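As stored in final-v4.cif (mmCIF, C-alpha atoms):
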data_entry
#
loop_
_atom_site.label_atom_id
_atom_site.label_comp_id
_atom_site.auth_asym_id
_atom_site.auth_seq_id
_atom_site.Cartn_x
_atom_site.Cartn_y
_atom_site.Cartn_z
CA MET A 76 127.26 160.40 146.78
CA SER A 77 125.28 157.28 145.96
CA ARG A 78 122.24 157.85 143.76
CA THR A 79 119.57 155.79 142.02
CA VAL A 80 119.88 155.97 138.24
CA LEU A 81 117.26 154.65 135.82
CA VAL A 82 118.75 153.55 132.49
CA THR A 83 116.79 152.67 129.35
CA GLY A 84 118.74 150.74 126.71
CA ALA A 85 120.86 149.34 129.54
CA THR A 86 121.65 146.08 127.72
CA GLY A 87 122.97 147.82 124.62
CA PHE A 88 126.64 148.36 123.85
CA VAL A 89 127.05 151.76 125.54
CA GLY A 90 124.38 150.98 128.12
CA GLY A 91 126.19 147.91 129.40
CA HIS A 92 129.40 149.87 129.88
CA LEU A 93 127.57 152.72 131.59
CA VAL A 94 125.74 150.41 134.00
CA ALA A 95 129.04 148.77 134.99
CA ALA A 96 130.59 152.19 135.62
CA LEU A 97 127.62 153.40 137.68
CA LEU A 98 127.76 150.28 139.84
CA ALA A 99 131.51 150.75 140.30
CA ASP A 100 130.77 154.32 141.43
CA GLY A 101 128.47 152.94 144.12
CA HIS A 102 125.15 153.92 142.54
CA ARG A 103 121.96 151.87 142.47
CA VAL A 104 120.77 151.10 138.92
CA ILE A 105 117.29 150.37 137.61
CA ALA A 106 117.30 149.00 134.04
CA ALA A 107 114.25 149.27 131.80
CA THR A 108 114.37 146.39 129.33
CA ARG A 109 112.10 144.20 127.19
CA ASP A 110 113.49 140.97 128.71
CA ALA A 111 114.12 141.33 132.45
CA ALA A 112 115.50 137.80 132.90
CA LYS A 113 118.02 138.20 130.08
CA ALA A 114 119.00 141.65 131.33
CA ALA A 115 119.51 140.34 134.86
CA ARG A 116 121.85 137.64 133.57
CA ARG A 117 123.86 140.19 131.63
CA LEU A 118 123.90 143.06 134.11
CA GLY A 119 124.13 141.08 137.33
CA PRO A 120 122.11 140.76 140.53
CA ARG A 121 122.83 144.29 141.74
CA VAL A 122 120.68 145.82 138.97
CA GLN A 123 116.89 146.01 139.33
CA CYS A 124 115.40 145.08 135.93
CA VAL A 125 111.87 146.06 134.91
CA THR A 126 110.05 145.39 131.65
CA THR A 127 107.79 148.43 131.93
CA LEU A 128 108.17 151.70 133.79
CA ALA A 129 104.59 151.26 135.03
CA GLU A 130 106.02 148.65 137.44
CA LEU A 131 107.72 151.40 139.40
CA PRO A 132 105.60 152.87 142.22
CA ALA A 133 105.21 156.64 142.46
CA HIS A 134 107.28 156.68 145.64
CA THR A 135 110.34 155.10 143.90
CA PRO A 136 113.38 157.30 144.58
CA ILE A 137 114.99 158.02 141.20
CA ASP A 138 117.68 160.69 141.19
CA ALA A 139 118.68 160.55 137.53
CA CYS A 140 117.60 159.02 134.22
CA VAL A 141 119.64 158.04 131.19
CA GLN A 142 117.78 157.41 127.93
CA LEU A 143 119.80 155.21 125.54
CA ALA A 144 117.03 153.12 123.95
CA GLY A 145 116.61 153.06 120.18
CA ALA A 146 117.08 150.90 117.09
CA ARG A 147 120.46 150.99 115.33
CA VAL A 148 120.65 153.82 112.80
CA LEU A 149 123.25 152.16 110.58
CA GLY A 150 121.40 149.08 109.35
CA PRO A 151 118.73 148.54 106.72
CA PRO A 152 118.27 151.36 104.15
CA TRP A 153 116.09 154.23 105.30
CA THR A 154 112.85 153.24 103.65
CA ARG A 155 109.70 154.93 104.92
CA ALA A 156 109.05 151.92 107.18
CA GLN A 157 112.60 151.93 108.53
CA ARG A 158 112.45 155.66 109.27
CA GLU A 159 109.25 155.10 111.21
CA THR A 160 110.95 152.28 113.13
CA LEU A 161 113.91 154.49 114.04
CA LEU A 162 111.66 157.31 115.18
CA ARG A 163 109.22 155.07 117.09
CA SER A 164 111.99 153.12 118.85
CA ARG A 165 113.08 156.39 120.47
CA ALA A 166 109.78 158.25 120.83
CA GLU A 167 107.97 155.47 122.72
CA PRO A 168 110.60 155.02 125.48
CA ALA A 169 110.86 158.80 125.76
CA ALA A 170 107.09 159.11 126.22
CA GLN A 171 107.07 156.35 128.83
CA LEU A 172 109.94 157.98 130.68
CA LEU A 173 108.18 161.35 130.71
CA ALA A 174 104.99 159.71 131.98
CA LEU A 175 106.98 158.14 134.83
CA MET A 176 108.59 161.47 135.73
CA ARG A 177 105.16 163.08 135.92
CA ARG A 178 103.89 160.25 138.14
CA LEU A 179 106.81 160.17 140.58
CA GLN A 180 106.36 161.93 143.88
CA ARG A 181 109.76 163.52 143.27
CA PRO A 182 110.97 163.86 139.67
CA PRO A 183 114.62 163.06 138.95
CA ALA A 184 117.10 165.89 139.03
CA VAL A 185 118.60 165.16 135.61
CA LEU A 186 117.85 163.41 132.33
CA VAL A 187 120.75 162.48 130.06
CA VAL A 188 119.63 161.43 126.59
CA ALA A 189 121.61 159.90 123.72
CA SER A 190 121.33 161.94 120.55
CA ALA A 191 124.01 161.94 117.83
CA ILE A 192 126.23 164.17 115.73
CA GLY A 193 123.77 163.45 112.94
CA TRP A 194 122.07 166.58 114.38
CA TYR A 195 124.49 168.66 112.29
CA GLY A 196 123.71 166.85 109.05
CA ARG A 197 125.91 167.36 106.02
CA VAL A 198 127.09 170.64 104.54
CA ASP A 199 128.63 170.41 101.09
CA GLY A 200 131.93 172.22 100.80
CA ALA A 201 132.29 173.12 104.49
CA ALA A 202 132.62 169.71 106.13
CA ASP A 203 136.07 170.41 107.60
CA ALA A 204 135.07 173.62 109.40
CA PRO A 205 134.94 173.05 113.19
CA CYS A 206 131.40 172.29 114.36
CA ASP A 207 130.56 172.87 118.03
CA GLU A 208 127.34 172.55 120.03
CA THR A 209 126.02 175.93 118.81
CA GLU A 210 125.68 174.66 115.22
CA PRO A 211 122.01 174.39 114.12
CA PRO A 212 120.39 171.23 112.73
CA ARG A 213 119.70 170.64 109.03
CA PRO A 214 115.95 170.18 108.46
CA GLY A 215 115.20 168.07 105.41
CA GLN A 216 117.99 165.58 106.16
CA PHE A 217 116.69 162.51 107.96
CA GLN A 218 119.73 162.01 110.21
CA SER A 219 119.28 165.56 111.49
CA GLU A 220 115.50 165.30 111.82
CA LEU A 221 115.86 162.07 113.83
CA CYS A 222 118.15 163.82 116.31
CA MET A 223 115.83 166.84 116.41
CA ALA A 224 112.95 164.52 117.40
CA ILE A 225 115.06 162.83 120.10
CA GLU A 226 116.08 166.12 121.65
CA ARG A 227 112.63 167.70 121.35
CA ASP A 228 111.11 164.78 123.28
CA ALA A 229 113.80 165.01 125.96
CA LEU A 230 113.31 168.75 126.47
CA ARG A 231 109.72 168.16 127.60
CA ALA A 232 111.17 167.04 130.94
CA GLU A 233 112.36 170.60 131.60
CA ALA A 234 108.75 171.58 132.39
CA LEU A 235 109.06 169.30 135.44
CA GLY A 236 112.21 171.07 136.64
CA VAL A 237 114.51 168.34 135.29
CA ARG A 238 117.95 169.33 134.02
CA VAL A 239 118.38 167.88 130.52
CA VAL A 240 121.72 167.06 128.89
CA ARG A 241 121.69 165.91 125.26
CA LEU A 242 124.69 163.77 124.34
CA ARG A 243 125.50 164.06 120.63
CA LEU A 244 127.55 160.93 120.12
CA GLY A 245 130.00 160.25 117.34
CA VAL A 246 130.90 156.70 116.34
CA VAL A 247 131.56 154.90 119.63
CA LEU A 248 134.48 152.46 119.49
CA GLY A 249 134.69 149.47 121.81
CA HIS A 250 136.11 145.98 121.51
CA ASP A 251 132.83 144.31 122.47
CA GLY A 252 130.20 146.09 120.42
CA GLY A 253 129.22 148.88 118.07
CA ALA A 254 131.02 149.60 114.81
CA TYR A 255 134.52 148.54 115.82
CA PRO A 256 134.36 144.69 115.80
CA PRO A 257 133.24 144.35 112.14
CA GLN A 258 135.65 147.08 111.09
CA ALA A 259 138.48 145.39 112.96
CA LEU A 260 137.69 142.04 111.35
CA ALA A 261 137.79 143.63 107.90
CA ALA A 262 141.10 145.28 108.75
CA ARG A 263 142.66 142.01 109.95
CA LEU A 264 141.54 140.33 106.72
CA GLY A 265 142.98 143.11 104.59
CA LEU A 266 139.49 144.23 103.55
CA GLY A 267 139.50 147.75 104.94
CA ALA A 268 138.31 150.24 102.33
CA VAL A 269 138.36 153.96 101.61
CA LEU A 270 134.77 155.14 101.06
CA GLY A 271 134.28 157.64 98.26
CA ASP A 272 137.20 160.06 98.17
CA GLY A 273 137.93 159.34 101.86
CA ARG A 274 138.25 163.02 102.75
CA GLN A 275 135.05 163.18 104.83
CA PRO A 276 135.66 163.77 108.56
CA ALA A 277 135.12 160.72 110.76
CA PRO A 278 134.30 161.81 114.35
CA TRP A 279 134.71 158.99 116.89
CA VAL A 280 134.98 158.40 120.62
CA HIS A 281 136.28 155.51 122.71
CA VAL A 282 133.51 153.87 124.73
CA ASP A 283 135.37 154.67 127.97
CA ASP A 284 135.11 158.38 127.13
CA ALA A 285 131.48 158.07 126.01
CA VAL A 286 130.74 156.65 129.46
CA GLY A 287 132.98 159.22 131.12
CA LEU A 288 131.11 162.10 129.52
CA ALA A 289 127.75 160.56 130.44
CA ARG A 290 128.92 160.32 134.04
CA LEU A 291 130.10 163.95 133.87
CA ALA A 292 126.68 165.02 132.59
CA LEU A 293 124.99 163.20 135.48
CA ALA A 294 127.28 164.67 138.11
CA ARG A 295 127.77 168.31 137.07
CA GLU A 296 124.76 170.44 137.93
CA ASP A 297 126.08 173.28 135.77
CA LEU A 298 125.92 171.18 132.59
CA VAL A 299 122.73 171.57 130.59
CA GLY A 300 121.92 171.41 126.89
CA PRO A 301 123.87 169.68 124.12
CA MET A 302 127.28 168.05 124.56
CA ASN A 303 129.31 166.63 121.70
CA VAL A 304 130.62 163.20 122.66
CA VAL A 305 133.58 162.95 120.30
CA ALA A 306 137.34 162.78 120.73
CA PRO A 307 139.36 165.96 120.16
CA GLN A 308 141.15 164.46 117.16
CA THR A 309 139.04 163.92 114.02
CA PRO A 310 140.71 162.08 111.12
CA SER A 311 139.38 161.76 107.60
CA GLN A 312 137.62 158.50 106.76
CA ALA A 313 140.69 157.44 104.77
CA GLY A 314 142.93 158.32 107.70
CA PHE A 315 140.69 156.39 110.06
CA VAL A 316 140.60 153.17 108.01
CA ARG A 317 144.35 153.32 107.38
CA ALA A 318 145.09 153.82 111.08
CA LEU A 319 142.77 150.93 111.92
CA ALA A 320 144.49 148.66 109.41
CA ALA A 321 147.92 149.74 110.68
CA SER A 322 146.94 148.79 114.24
CA TYR A 323 146.84 145.20 112.93
CA GLY A 324 149.93 145.54 110.74
CA ARG A 325 147.88 145.79 107.55
CA GLY A 326 147.45 148.23 104.71
CA VAL A 327 144.40 149.52 102.83
CA HIS A 328 144.12 148.65 99.15
CA LEU A 329 140.37 148.84 98.48
CA ARG A 330 138.12 151.74 97.58
CA VAL A 331 134.31 151.79 97.37
CA PRO A 332 132.96 154.43 94.96
CA ALA A 333 130.48 156.90 96.40
CA SER A 334 128.03 156.07 93.61
CA ALA A 335 127.97 152.40 94.63
CA LEU A 336 127.32 153.23 98.29
CA ARG A 337 124.54 155.66 97.46
CA LEU A 338 122.96 153.17 95.08
CA ALA A 339 123.02 150.47 97.77
CA LEU A 340 122.14 152.57 100.82
CA GLY A 341 120.32 155.65 99.55
CA GLU A 342 120.36 158.59 101.98
CA MET A 343 121.87 156.40 104.70
CA GLY A 344 125.05 156.38 102.61
CA ASP A 345 125.60 159.97 103.74
CA LEU A 346 126.50 158.61 107.17
CA LEU A 347 129.53 157.02 105.50
CA LEU A 348 130.25 159.53 102.74
CA ALA A 349 129.61 162.91 104.38
CA GLY A 350 130.60 164.18 107.79
CA ARG A 351 131.36 167.22 109.91
CA ARG A 352 134.46 167.95 111.94
CA VAL A 353 132.62 167.96 115.23
CA VAL A 354 134.53 169.30 118.25
CA PRO A 355 133.86 168.62 121.97
CA ALA A 356 133.68 172.28 123.00
CA VAL A 357 131.39 171.77 126.03
CA ALA A 358 133.51 168.91 127.34
CA ALA A 359 136.64 171.03 126.96
CA ARG A 360 135.10 173.95 128.87
CA ALA A 361 134.01 171.53 131.60
CA GLY A 362 137.63 170.39 131.98
CA TYR A 363 137.01 166.80 130.94
CA GLY A 364 140.25 164.86 130.42
CA PHE A 365 139.89 162.29 127.66
CA ALA A 366 141.28 158.85 128.40
CA PHE A 367 141.78 158.42 124.65
CA PRO A 368 142.19 161.80 122.94
CA THR A 369 144.01 160.37 119.89
CA LEU A 370 142.91 157.74 117.42
CA ALA A 371 146.25 155.96 117.58
CA GLY A 372 145.95 155.49 121.33
CA ALA A 373 142.35 154.30 121.13
CA LEU A 374 143.08 151.82 118.34
CA ALA A 375 146.12 150.45 120.15
CA ASP A 376 143.97 149.82 123.23
CA LEU A 377 141.19 148.16 121.24
CA ALA A 378 143.56 146.03 119.14
CA ALA A 379 145.22 144.77 122.32
CA ARG A 380 141.81 143.72 123.67
CA THR A 381 140.76 141.93 120.48
CA ARG A 382 144.04 140.35 119.40
CA PRO A 383 143.79 136.56 119.86
CA ARG A 384 145.74 135.23 122.84
CA ARG A 385 148.46 132.67 122.19
#
Can you dump the structure from the file as structure tokens?
Amino acid sequence: MSRTVLVTGATGFVGGHLVAALLADGHRVIAATRDAAKAARRLGPRVQCVTTLAELPAHTPIDACVQLAGARVLGPPWTRAQRETLLRSRAEPAAQLLALMRRLQRPPAVLVVASAIGWYGRVDGAADAPCDETEPPRPGQFQSELCMAIERDALRAEALGVRVVRLRLGVVLGHDGGAYPPQALAARLGLGAVLGDGRQPAPWVHVDDAVGLARLALAREDLVGPMNVVAPQTPSQAGFVRALAASYGRGVHLRVPASALRLALGEMGDLLLAGRRVVPAVAARAGYGFAFPTLAGALADLAARTRPRR
């Protein structure tokens, strides 16, 4: 059934893929973006682009909302100013979206919001224990507190009768954005590196499955609450970087000490040095079939898309 879906962060890496999938499914898409002309060029003429949600009249039929907006978490060190930027870049779009929902004559049926597996934080000595959606957050760790703020803002929509699904994304791999292109370049140049001892779990998901699970969350009325958006197979960081290098016929010969990463990145280094073996329990119970359940299959697909043509 065709629906109207409002997407914030529609021109981002995951957002662009999601918009394309929604259009292919026959849905109408409204994209909230800072630069409507640029977004229209990227997303195509079938997408209605608005620079502010205040442009939308109260009678606008919106069946579903997807909130993907937010500054990149893995970037500059988490200084006080950078933490405020990360929080504000998510809180402001969330507040604007909630204000729109309150103003609409008919609120949307569902809100799907992008959180992250950073919700679970780090747990020394128990990182390899399976971690499903029932695991609590870790107050006092910024990555967890950021996700707590995202999800707390989203849950305010429940007071309007909106079903809320919170996608806790792992590292999303795609040939055209996110973490994969710089990692692939390093691998092709023989510069892939083990970080710290390399034993930390490295949850990931192919962008096709990230989009697939977002579509599932939009479509299934019985889905509510958190959903881990990760592949079933979780390698160690060393296993991940070696598999990535092998997909280009390379090996891994470099190692970056944990002390050097923490000195350079501060607490943000924990994103690279500490992890949890997050499992997609909700997706499994919902019967979702992963297009790329294994890292080898995902990397083969991505390498084929990025390998230079002769």
Worksheet item: Expanded to explicit residues, what is the PyMOL selection byres ((chain A and resi 144-153) around 10) for this file, as a ChimeraX atom specification?
Response: /A:82-87,90,107-108,141-143,154-169,188-189,217-218,221,225,253-254,339-344,346-347
Item to complete: Step by step, work through what the PyMOL selection byres ((chain A and resi 256) around 12) selects in the shown file, and finish by giving those residues as a ChimeraX atom specification.
Response: /A:88,247-255,257-263,319,374,377-378,380-382
Worksheet item: Expanded to explicit residues, what is the PyMOL selection byres ((chain A and resi 226) around 9) for this file, as a PyMOL selection string?
Response: chain A and resi 188-190+221-225+227-231+241+301
Worksheet item: Restricting the calculation to all atoms listed in the file, which member of A:Ala114, A:Leu348, A:Ala356, A:Ala335 is positioned closest to Ala277 in chain A?
Response: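 With all atoms listed in the file as the atom set, the closest residue is A:Leu348.
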Fill in: Between CA of Val239 in chain A and CA of Pro182 in chain A - distance in Å to one decimal
12.4 Å
Fill in: Shortest interatomic distance to Gly324 in chain A - which of A:Ala289, A:Arg274, A:Asn303, A:Ala375, counting only C-alpha atoms
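Of the candidates, the smallest distance to Gly324 in chain A is held by A:Ala375.
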Discussion item. With 9 Å as the threshold, what does the neighbourhood of (107.4, 163.0, 145.9) contain in terms of residues, counting only C-alpha atoms? Coordinates are those of the file; answer as a list in words.
Written reply: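 Returned residue set, sorted by chain then number, is Ala133, His134, Thr135, Pro136, Arg178, Leu179, Gln180, Arg181 and Pro182 of chain A.
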Could those selected residues go to a file with C-alpha atoms, as a PDB file, keeping the file's coordinate frame?
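Result file follows (result05.pdb):
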ATOM      1  CA  ALA A 133     105.210 156.640 142.460  1.00  0.00           C
ATOM      2  CA  HIS A 134     107.280 156.680 145.640  1.00  0.00           C
ATOM      3  CA  THR A 135     110.340 155.100 143.900  1.00  0.00           C
ATOM      4  CA  PRO A 136     113.380 157.300 144.580  1.00  0.00           C
ATOM      5  CA  ARG A 178     103.890 160.250 138.140  1.00  0.00           C
ATOM      6  CA  LEU A 179     106.810 160.170 140.580  1.00  0.00           C
ATOM      7  CA  GLN A 180     106.360 161.930 143.880  1.00  0.00           C
ATOM      8  CA  ARG A 181     109.760 163.520 143.270  1.00  0.00           C
ATOM      9  CA  PRO A 182     110.970 163.860 139.670  1.00  0.00           C
TER      10      PRO A 182
END
Where atoms are absent from range 322-345 of chain A, fill them in so it carries N, CA, C and O atoms, then output it as an mmCIF file, in the coordinates of the input.
data_model
loop_
_atom_site.group_PDB
_atom_site.id
_atom_site.type_symbol
_atom_site.label_atom_id
_atom_site.label_comp_id
_atom_site.auth_asym_id
_atom_site.auth_seq_id
_atom_site.Cartn_x
_atom_site.Cartn_y
_atom_site.Cartn_z
ATOM 1 N N SER A 322 146.921 149.319 112.872
ATOM 2 C CA SER A 322 146.940 148.790 114.240
ATOM 3 C C SER A 322 147.013 147.265 114.240
ATOM 4 O O SER A 322 147.328 146.660 115.261
ATOM 5 N N TYR A 323 146.715 146.655 113.086
ATOM 6 C CA TYR A 323 146.840 145.200 112.930
ATOM 7 C C TYR A 323 147.949 144.838 111.940
ATOM 8 O O TYR A 323 148.020 143.703 111.473
ATOM 9 N N GLY A 324 148.823 145.801 111.647
ATOM 10 C CA GLY A 324 149.930 145.540 110.740
ATOM 11 C C GLY A 324 149.501 145.319 109.305
ATOM 12 O O GLY A 324 150.187 144.623 108.547
ATOM 13 N N ARG A 325 148.407 145.938 108.895
ATOM 14 C CA ARG A 325 147.880 145.790 107.550
ATOM 15 C C ARG A 325 147.854 147.121 106.821
ATOM 16 O O ARG A 325 147.991 148.188 107.417
ATOM 17 N N GLY A 326 147.639 147.044 105.519
ATOM 18 C CA GLY A 326 147.450 148.230 104.710
ATOM 19 C C GLY A 326 146.038 148.279 104.167
ATOM 20 O O GLY A 326 145.231 147.372 104.393
ATOM 21 N N VAL A 327 145.717 149.350 103.442
ATOM 22 C CA VAL A 327 144.400 149.520 102.830
ATOM 23 C C VAL A 327 144.583 149.609 101.322
ATOM 24 O O VAL A 327 145.300 150.487 100.833
ATOM 25 N N HIS A 328 143.946 148.716 100.603
ATOM 26 C CA HIS A 328 144.120 148.650 99.150
ATOM 27 C C HIS A 328 142.799 148.727 98.400
ATOM 28 O O HIS A 328 142.787 148.671 97.167
ATOM 29 N N LEU A 329 141.682 148.842 99.120
ATOM 30 C CA LEU A 329 140.370 148.840 98.480
ATOM 31 C C LEU A 329 139.733 150.216 98.565
ATOM 32 O O LEU A 329 139.985 150.977 99.494
ATOM 33 N N ARG A 330 138.887 150.502 97.588
ATOM 34 C CA ARG A 330 138.120 151.740 97.580
ATOM 35 C C ARG A 330 136.709 151.433 97.084
ATOM 36 O O ARG A 330 136.533 150.722 96.097
ATOM 37 N N VAL A 331 135.702 151.963 97.778
ATOM 38 C CA VAL A 331 134.310 151.790 97.370
ATOM 39 C C VAL A 331 133.819 153.117 96.812
ATOM 40 O O VAL A 331 133.806 154.129 97.530
ATOM 41 N N PRO A 332 133.425 153.170 95.538
ATOM 42 C CA PRO A 332 132.960 154.430 94.960
ATOM 43 C C PRO A 332 131.725 154.966 95.673
ATOM 44 O O PRO A 332 130.869 154.200 96.129
ATOM 45 N N ALA A 333 131.642 156.279 95.760
ATOM 46 C CA ALA A 333 130.480 156.900 96.400
ATOM 47 C C ALA A 333 129.194 156.513 95.698
ATOM 48 O O ALA A 333 128.159 156.280 96.342
ATOM 49 N N SER A 334 129.240 156.408 94.364
ATOM 50 C CA SER A 334 128.030 156.070 93.610
ATOM 51 C C SER A 334 127.501 154.696 94.005
ATOM 52 O O SER A 334 126.284 154.491 94.100
ATOM 53 N N ALA A 335 128.397 153.745 94.252
ATOM 54 C CA ALA A 335 127.970 152.400 94.630
ATOM 55 C C ALA A 335 127.325 152.400 96.008
ATOM 56 O O ALA A 335 126.311 151.727 96.236
ATOM 57 N N LEU A 336 127.895 153.165 96.951
ATOM 58 C CA LEU A 336 127.320 153.230 98.290
ATOM 59 C C LEU A 336 125.949 153.895 98.273
ATOM 60 O O LEU A 336 125.013 153.431 98.927
ATOM 61 N N ARG A 337 125.833 154.967 97.511
ATOM 62 C CA ARG A 337 124.540 155.660 97.460
ATOM 63 C C ARG A 337 123.487 154.810 96.768
ATOM 64 O O ARG A 337 122.318 154.838 97.139
ATOM 65 N N LEU A 338 123.898 154.051 95.766
ATOM 66 C CA LEU A 338 122.960 153.170 95.080
ATOM 67 C C LEU A 338 122.469 152.083 96.036
ATOM 68 O O LEU A 338 121.288 151.734 96.051
ATOM 69 N N ALA A 339 123.377 151.555 96.867
ATOM 70 C CA ALA A 339 123.020 150.470 97.770
ATOM 71 C C ALA A 339 122.269 150.951 99.005
ATOM 72 O O ALA A 339 121.359 150.282 99.491
ATOM 73 N N LEU A 340 122.641 152.136 99.511
ATOM 74 C CA LEU A 340 122.140 152.570 100.820
ATOM 75 C C LEU A 340 121.224 153.776 100.759
ATOM 76 O O LEU A 340 120.592 154.111 101.768
ATOM 77 N N GLY A 341 121.151 154.451 99.628
ATOM 78 C CA GLY A 341 120.320 155.650 99.550
ATOM 79 C C GLY A 341 120.860 156.735 100.465
ATOM 80 O O GLY A 341 122.076 156.911 100.621
ATOM 81 N N GLU A 342 119.948 157.473 101.132
ATOM 82 C CA GLU A 342 120.360 158.590 101.980
ATOM 83 C C GLU A 342 121.227 158.131 103.143
ATOM 84 O O GLU A 342 122.074 158.889 103.629
ATOM 85 N N MET A 343 121.050 156.888 103.605
ATOM 86 C CA MET A 343 121.870 156.400 104.700
ATOM 87 C C MET A 343 123.351 156.388 104.325
ATOM 88 O O MET A 343 124.221 156.448 105.199
ATOM 89 N N GLY A 344 123.657 156.325 103.037
ATOM 90 C CA GLY A 344 125.050 156.380 102.610
ATOM 91 C C GLY A 344 125.750 157.650 103.024
ATOM 92 O O GLY A 344 126.983 157.677 103.146
ATOM 93 N N ASP A 345 124.978 158.722 103.288
ATOM 94 C CA ASP A 345 125.600 159.970 103.740
ATOM 95 C C ASP A 345 126.278 159.814 105.087
ATOM 96 O O ASP A 345 127.189 160.583 105.422
#
